[in-house]
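Text of coords21.cif (mmCIF, C-alpha atoms and all ligand atoms) as supplied:
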data_data
loop_
_atom_site.label_atom_id
_atom_site.label_comp_id
_atom_site.auth_asym_id
_atom_site.auth_seq_id
_atom_site.Cartn_x
_atom_site.Cartn_y
_atom_site.Cartn_z
CA MET A 1 0.00 0.00 0.00
CA ARG A 2 1.07 3.58 -0.58
CA VAL A 3 -0.42 6.82 0.73
CA GLY A 4 -0.23 10.25 -0.92
CA LEU A 5 -1.02 13.76 0.30
CA GLY A 6 -2.31 16.59 -1.85
CA VAL A 7 -2.63 20.25 -0.84
CA ASP A 8 -3.96 23.09 -2.98
CA VAL A 9 -5.03 26.72 -2.58
CA HIS A 10 -6.77 29.10 -4.96
CA ALA A 11 -7.64 32.75 -4.38
CA PHE A 12 -11.12 34.06 -5.08
CA ALA A 13 -11.50 36.16 -8.22
CA ALA A 14 -13.30 39.49 -8.01
CA ALA A 15 -17.08 39.11 -8.32
CA GLU A 16 -17.05 41.15 -11.57
CA ASP A 17 -14.70 38.59 -13.18
CA GLY A 18 -17.71 36.29 -13.50
CA ARG A 19 -15.74 33.11 -12.78
CA LYS A 20 -17.75 30.03 -11.87
CA LEU A 21 -17.05 28.30 -8.56
CA VAL A 22 -16.28 24.64 -9.29
CA LEU A 23 -15.49 22.25 -6.43
CA GLY A 24 -15.19 18.52 -7.01
CA GLY A 25 -16.63 19.04 -10.48
CA VAL A 26 -19.80 20.65 -9.08
CA ASP A 27 -20.85 24.13 -10.23
CA ILE A 28 -21.72 25.83 -6.96
CA PRO A 29 -23.99 28.86 -6.91
CA PHE A 30 -21.81 31.56 -5.30
CA ASP A 31 -21.00 35.21 -5.92
CA ARG A 32 -17.31 34.55 -6.74
CA GLY A 33 -15.26 31.86 -8.45
CA LEU A 34 -11.62 30.91 -7.91
CA LEU A 35 -8.68 32.23 -9.92
CA GLY A 36 -6.67 29.74 -11.94
CA HIS A 37 -5.55 28.70 -15.37
CA SER A 38 -7.89 25.70 -15.39
CA ASP A 39 -11.36 25.73 -13.83
CA ALA A 40 -9.47 26.24 -10.49
CA ASP A 41 -11.19 23.24 -8.89
CA VAL A 42 -9.12 23.27 -5.70
CA LEU A 43 -10.66 20.02 -4.42
CA ALA A 44 -10.05 18.07 -7.63
CA HIS A 45 -6.45 19.39 -7.70
CA ALA A 46 -5.76 18.24 -4.11
CA VAL A 47 -7.17 14.78 -4.89
CA THR A 48 -5.12 14.60 -8.11
CA ASP A 49 -1.91 15.49 -6.27
CA ALA A 50 -2.68 12.94 -3.54
CA LEU A 51 -3.08 10.25 -6.20
CA LEU A 52 0.13 11.31 -7.96
CA GLY A 53 2.00 11.39 -4.64
CA ALA A 54 0.81 7.92 -3.69
CA ALA A 55 2.00 6.62 -7.06
CA GLY A 56 5.40 8.32 -6.61
CA LEU A 57 4.89 10.48 -9.69
CA GLU A 58 5.47 14.21 -10.38
CA ASP A 59 2.95 16.82 -9.26
CA ILE A 60 -0.08 18.02 -11.22
CA GLY A 61 1.80 21.04 -12.67
CA HIS A 62 4.23 18.66 -14.36
CA TYR A 63 1.47 16.94 -16.34
CA PHE A 64 -0.76 19.98 -16.94
CA PRO A 65 1.49 23.09 -16.88
CA ASP A 66 -0.35 26.42 -16.59
CA THR A 67 1.85 27.74 -19.41
CA ASP A 68 0.10 25.38 -21.84
CA ALA A 69 -2.99 26.84 -23.52
CA ARG A 70 -4.50 23.33 -23.79
CA TRP A 71 -5.32 23.42 -20.07
CA ARG A 72 -6.95 26.87 -20.05
CA ASP A 73 -10.32 26.56 -18.27
CA ALA A 74 -9.76 22.78 -18.29
CA ASP A 75 -12.27 20.54 -16.53
CA SER A 76 -10.20 19.33 -13.58
CA ILE A 77 -12.30 16.20 -13.13
CA GLY A 78 -11.17 15.30 -16.67
CA LEU A 79 -7.54 15.92 -15.60
CA LEU A 80 -8.07 13.62 -12.60
CA ARG A 81 -9.45 10.95 -14.94
CA GLU A 82 -6.32 11.33 -17.11
CA VAL A 83 -4.05 11.01 -14.05
CA ARG A 84 -5.91 7.87 -12.98
CA ARG A 85 -5.04 6.45 -16.41
CA ILE A 86 -1.35 7.49 -16.01
CA VAL A 87 -1.13 5.79 -12.59
CA GLY A 88 -2.22 2.59 -14.28
CA GLY A 89 -4.19 -0.53 -13.54
CA SER A 90 -1.67 -2.19 -11.23
CA TRP A 91 -2.75 0.22 -8.48
CA GLU A 92 -6.24 0.22 -7.03
CA VAL A 93 -7.55 3.28 -5.15
CA ALA A 94 -8.42 1.97 -1.68
CA ASN A 95 -9.86 5.30 -0.51
CA VAL A 96 -9.62 9.07 -0.71
CA ASP A 97 -10.40 11.46 2.11
CA ALA A 98 -10.54 15.17 1.35
CA VAL A 99 -11.20 18.33 3.35
CA VAL A 100 -12.22 21.69 1.86
CA MET A 101 -11.42 24.71 4.04
CA CYS A 102 -13.58 27.82 3.70
CA GLU A 103 -16.14 29.86 5.63
CA ARG A 104 -18.51 29.93 2.64
CA PRO A 105 -20.04 28.28 0.68
CA LYS A 106 -21.30 25.40 2.82
CA ILE A 107 -19.70 22.21 1.51
CA ARG A 108 -22.20 19.85 3.15
CA ASP A 109 -24.97 20.64 0.65
CA HIS A 110 -22.82 19.55 -2.31
CA ARG A 111 -20.53 16.89 -0.94
CA ASP A 112 -22.34 13.83 -2.28
CA ALA A 113 -22.30 15.28 -5.81
CA MET A 114 -18.56 16.00 -5.39
CA ARG A 115 -17.93 12.45 -4.13
CA LYS A 116 -19.78 11.04 -7.14
CA ASN A 117 -17.69 13.08 -9.61
CA LEU A 118 -14.38 12.25 -7.93
CA ALA A 119 -15.24 8.54 -7.58
CA GLY A 120 -16.26 8.42 -11.25
CA ALA A 121 -12.91 9.87 -12.36
CA LEU A 122 -11.04 7.48 -10.05
CA GLU A 123 -13.14 4.51 -11.24
CA VAL A 124 -14.07 3.48 -7.71
CA ASP A 125 -17.31 3.13 -5.79
CA PHE A 126 -18.72 6.30 -4.26
CA SER A 127 -18.22 4.81 -0.77
CA ARG A 128 -14.43 4.98 -1.18
CA VAL A 129 -14.37 8.77 -1.51
CA SER A 130 -15.02 11.07 1.43
CA VAL A 131 -15.37 14.87 1.20
CA ARG A 132 -15.81 17.12 4.22
CA GLY A 133 -15.88 20.84 4.72
CA THR A 134 -14.43 22.80 7.59
CA THR A 135 -14.11 26.45 8.46
CA THR A 136 -10.92 27.84 9.96
CA GLU A 137 -12.84 29.76 12.61
CA ARG A 138 -12.42 32.96 10.58
CA LEU A 139 -8.63 32.71 10.92
CA GLY A 140 -6.16 33.07 8.06
CA PHE A 141 -6.83 33.63 4.36
CA THR A 142 -9.66 31.10 4.25
CA GLY A 143 -11.19 32.70 7.32
CA ARG A 144 -11.06 36.13 5.67
CA GLY A 145 -12.73 34.74 2.56
CA GLU A 146 -9.70 35.40 0.34
CA GLY A 147 -9.60 31.89 -1.08
CA ILE A 148 -10.27 28.20 -0.56
CA ALA A 149 -7.79 25.51 0.52
CA ALA A 150 -8.16 21.76 0.14
CA GLN A 151 -6.21 18.79 1.41
CA ALA A 152 -6.61 15.15 0.43
CA VAL A 153 -5.06 11.80 1.17
CA CYS A 154 -5.22 8.87 -1.22
CA LEU A 155 -4.40 5.27 -0.38
CA LEU A 156 -3.33 2.99 -3.23
CA GLN A 157 -3.27 -0.78 -2.98
CA GLU A 158 -1.27 -2.93 -5.37
CA ARG A 159 -3.49 -5.36 -7.26
ZN ZN B 201 -5.06 24.08 -8.16
#

Rewrite the structure of this file - the entire thing - as structure tokens.
Amino acid sequence: MRVGLGVDVHAFAAAEDGRKLVLGGVDIPFDRGLLGHSDADVLAHAVTDALLGAAGLEDIGHYFPDTDARWRDADSIGLLREVRRIVGGSWEVANVDAVVMCERPKIRDHRDAMRKNLAGALEVDFSRVSVRGTTTERLGFTGRGEGIAAQAVCLLQER
């Protein structure tokens, strides 16, 4: 077995930028989206880096550099699906546990939809993917509403 850790942070765009907020592949109704070259799906990126870390591979920026126009506004669930393919069939995803840190929006209302999207990309049953939200008690950049952070662990089991 091998475990990997993924950490990601994206800043909120200004409301007038009109960016969508996408978390775990779910379009969330909110007044601001996150800044990023891709769709800035901070949760999908943390899960992707956890998977890559568990497999002993390079980080997400190595495979999908933000200097490459191909990945502009990319669907990060699609990138996760591609990374699952790169990791290969000799490794099975035992489970993923992810935490999204923000004051708003409330993650609870959307977490099952996020789990479904992430599990689909990872080709595992929904029950193997956990997503939780937490606030940081109004402390730090997430507490001030400047951005969203996500952390994930991924356990791989050799088939
Ligand atoms: Zn990211």

Q | Contacts of ligand ZN 201 (chain B), 6 Å or closer, all atoms listed in the file, given as a VMD selection string | A | chain A and resid 8 40 42 45

(Q) I'd like the contact shell of stretch 98-102 of chain A - 7 Å cut-off, all atoms listed in the file, skipping same-chain residues fewer than 2 positions apart - returned as number ranges by chain. (A) A: 43, 96, 104, 130-136, 142-143, 148-153

Q. In Å to one decimal, how far is atom CA of A:Trp91 from atom CA of A:Leu23?
A.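 Answer for the atom CA of A:Leu23 to atom CA of A:Trp91 separation: 25.5 Å.
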
Q. Looking at all atoms listed in the file, which of A:Ile107, A:Leu139, A:Val22, A:Ala50 is the one that sits closest to A:Ala74?
A. A:Val22

Q) Just how far from atom CA of A:Asp41 is atom CA of A:Leu156, in Å to one decimal? A) 22.4 Å

Q: Between A:Leu122, A:Cys154, A:Leu34, A:Ile86, single out the one closest to A:Val7, counting only C-alpha atoms.
A: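 Using only C-alpha atoms, the shortest distance to A:Val7 belongs to A:Cys154.
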
For the structure just given, write the atoms of stretch 44-58 of chain A, namely N, CA, C and O atoms, as a CSV table (one decimal), in the first residue's frame.
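Now in out-v2.csv:
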chain,number,residue,atom,x,y,z
A,44,ALA,N,-10.5,19.1,-6.6
A,44,ALA,CA,-10.0,18.1,-7.6
A,44,ALA,C,-8.5,18.1,-7.7
A,44,ALA,O,-7.9,17.0,-7.9
A,45,HIS,N,-7.9,19.3,-7.6
A,45,HIS,CA,-6.5,19.4,-7.7
A,45,HIS,C,-5.8,18.7,-6.5
A,45,HIS,O,-4.8,18.0,-6.7
A,46,ALA,N,-6.3,18.9,-5.3
A,46,ALA,CA,-5.8,18.2,-4.1
A,46,ALA,C,-5.9,16.7,-4.2
A,46,ALA,O,-4.9,16.0,-3.9
A,47,VAL,N,-7.0,16.2,-4.7
A,47,VAL,CA,-7.2,14.8,-4.9
A,47,VAL,C,-6.2,14.3,-5.9
A,47,VAL,O,-5.6,13.2,-5.8
A,48,THR,N,-6.0,15.0,-7.0
A,48,THR,CA,-5.1,14.6,-8.1
A,48,THR,C,-3.7,14.5,-7.6
A,48,THR,O,-3.0,13.6,-7.9
A,49,ASP,N,-3.3,15.5,-6.8
A,49,ASP,CA,-1.9,15.5,-6.3
A,49,ASP,C,-1.7,14.4,-5.2
A,49,ASP,O,-0.6,13.8,-5.1
A,50,ALA,N,-2.8,14.1,-4.5
A,50,ALA,CA,-2.7,12.9,-3.5
A,50,ALA,C,-2.5,11.6,-4.3
A,50,ALA,O,-1.7,10.8,-3.9
A,51,LEU,N,-3.2,11.5,-5.4
A,51,LEU,CA,-3.1,10.2,-6.2
A,51,LEU,C,-1.7,10.2,-6.8
A,51,LEU,O,-1.0,9.1,-6.8
A,52,LEU,N,-1.2,11.3,-7.4
A,52,LEU,CA,0.1,11.3,-8.0
A,52,LEU,C,1.2,11.0,-6.9
A,52,LEU,O,2.2,10.3,-7.2
A,53,GLY,N,1.0,11.6,-5.7
A,53,GLY,CA,2.0,11.4,-4.6
A,53,GLY,C,2.0,9.9,-4.2
A,53,GLY,O,3.1,9.4,-4.0
A,54,ALA,N,0.9,9.3,-4.1
A,54,ALA,CA,0.8,7.9,-3.7
A,54,ALA,C,1.5,7.0,-4.7
A,54,ALA,O,2.2,6.0,-4.4
A,55,ALA,N,1.4,7.4,-6.0
A,55,ALA,CA,2.0,6.6,-7.1
A,55,ALA,C,3.5,7.0,-7.3
A,55,ALA,O,4.2,6.4,-8.1
A,56,GLY,N,4.0,7.9,-6.5
A,56,GLY,CA,5.4,8.3,-6.6
A,56,GLY,C,5.7,9.1,-7.9
A,56,GLY,O,6.8,9.1,-8.4
A,57,LEU,N,4.7,9.7,-8.4
A,57,LEU,CA,4.9,10.5,-9.7
A,57,LEU,C,5.1,12.0,-9.4
A,57,LEU,O,5.1,12.4,-8.3
A,58,GLU,N,5.3,12.7,-10.5
A,58,GLU,CA,5.5,14.2,-10.4
A,58,GLU,C,4.2,14.9,-10.0
A,58,GLU,O,3.1,14.2,-10.0
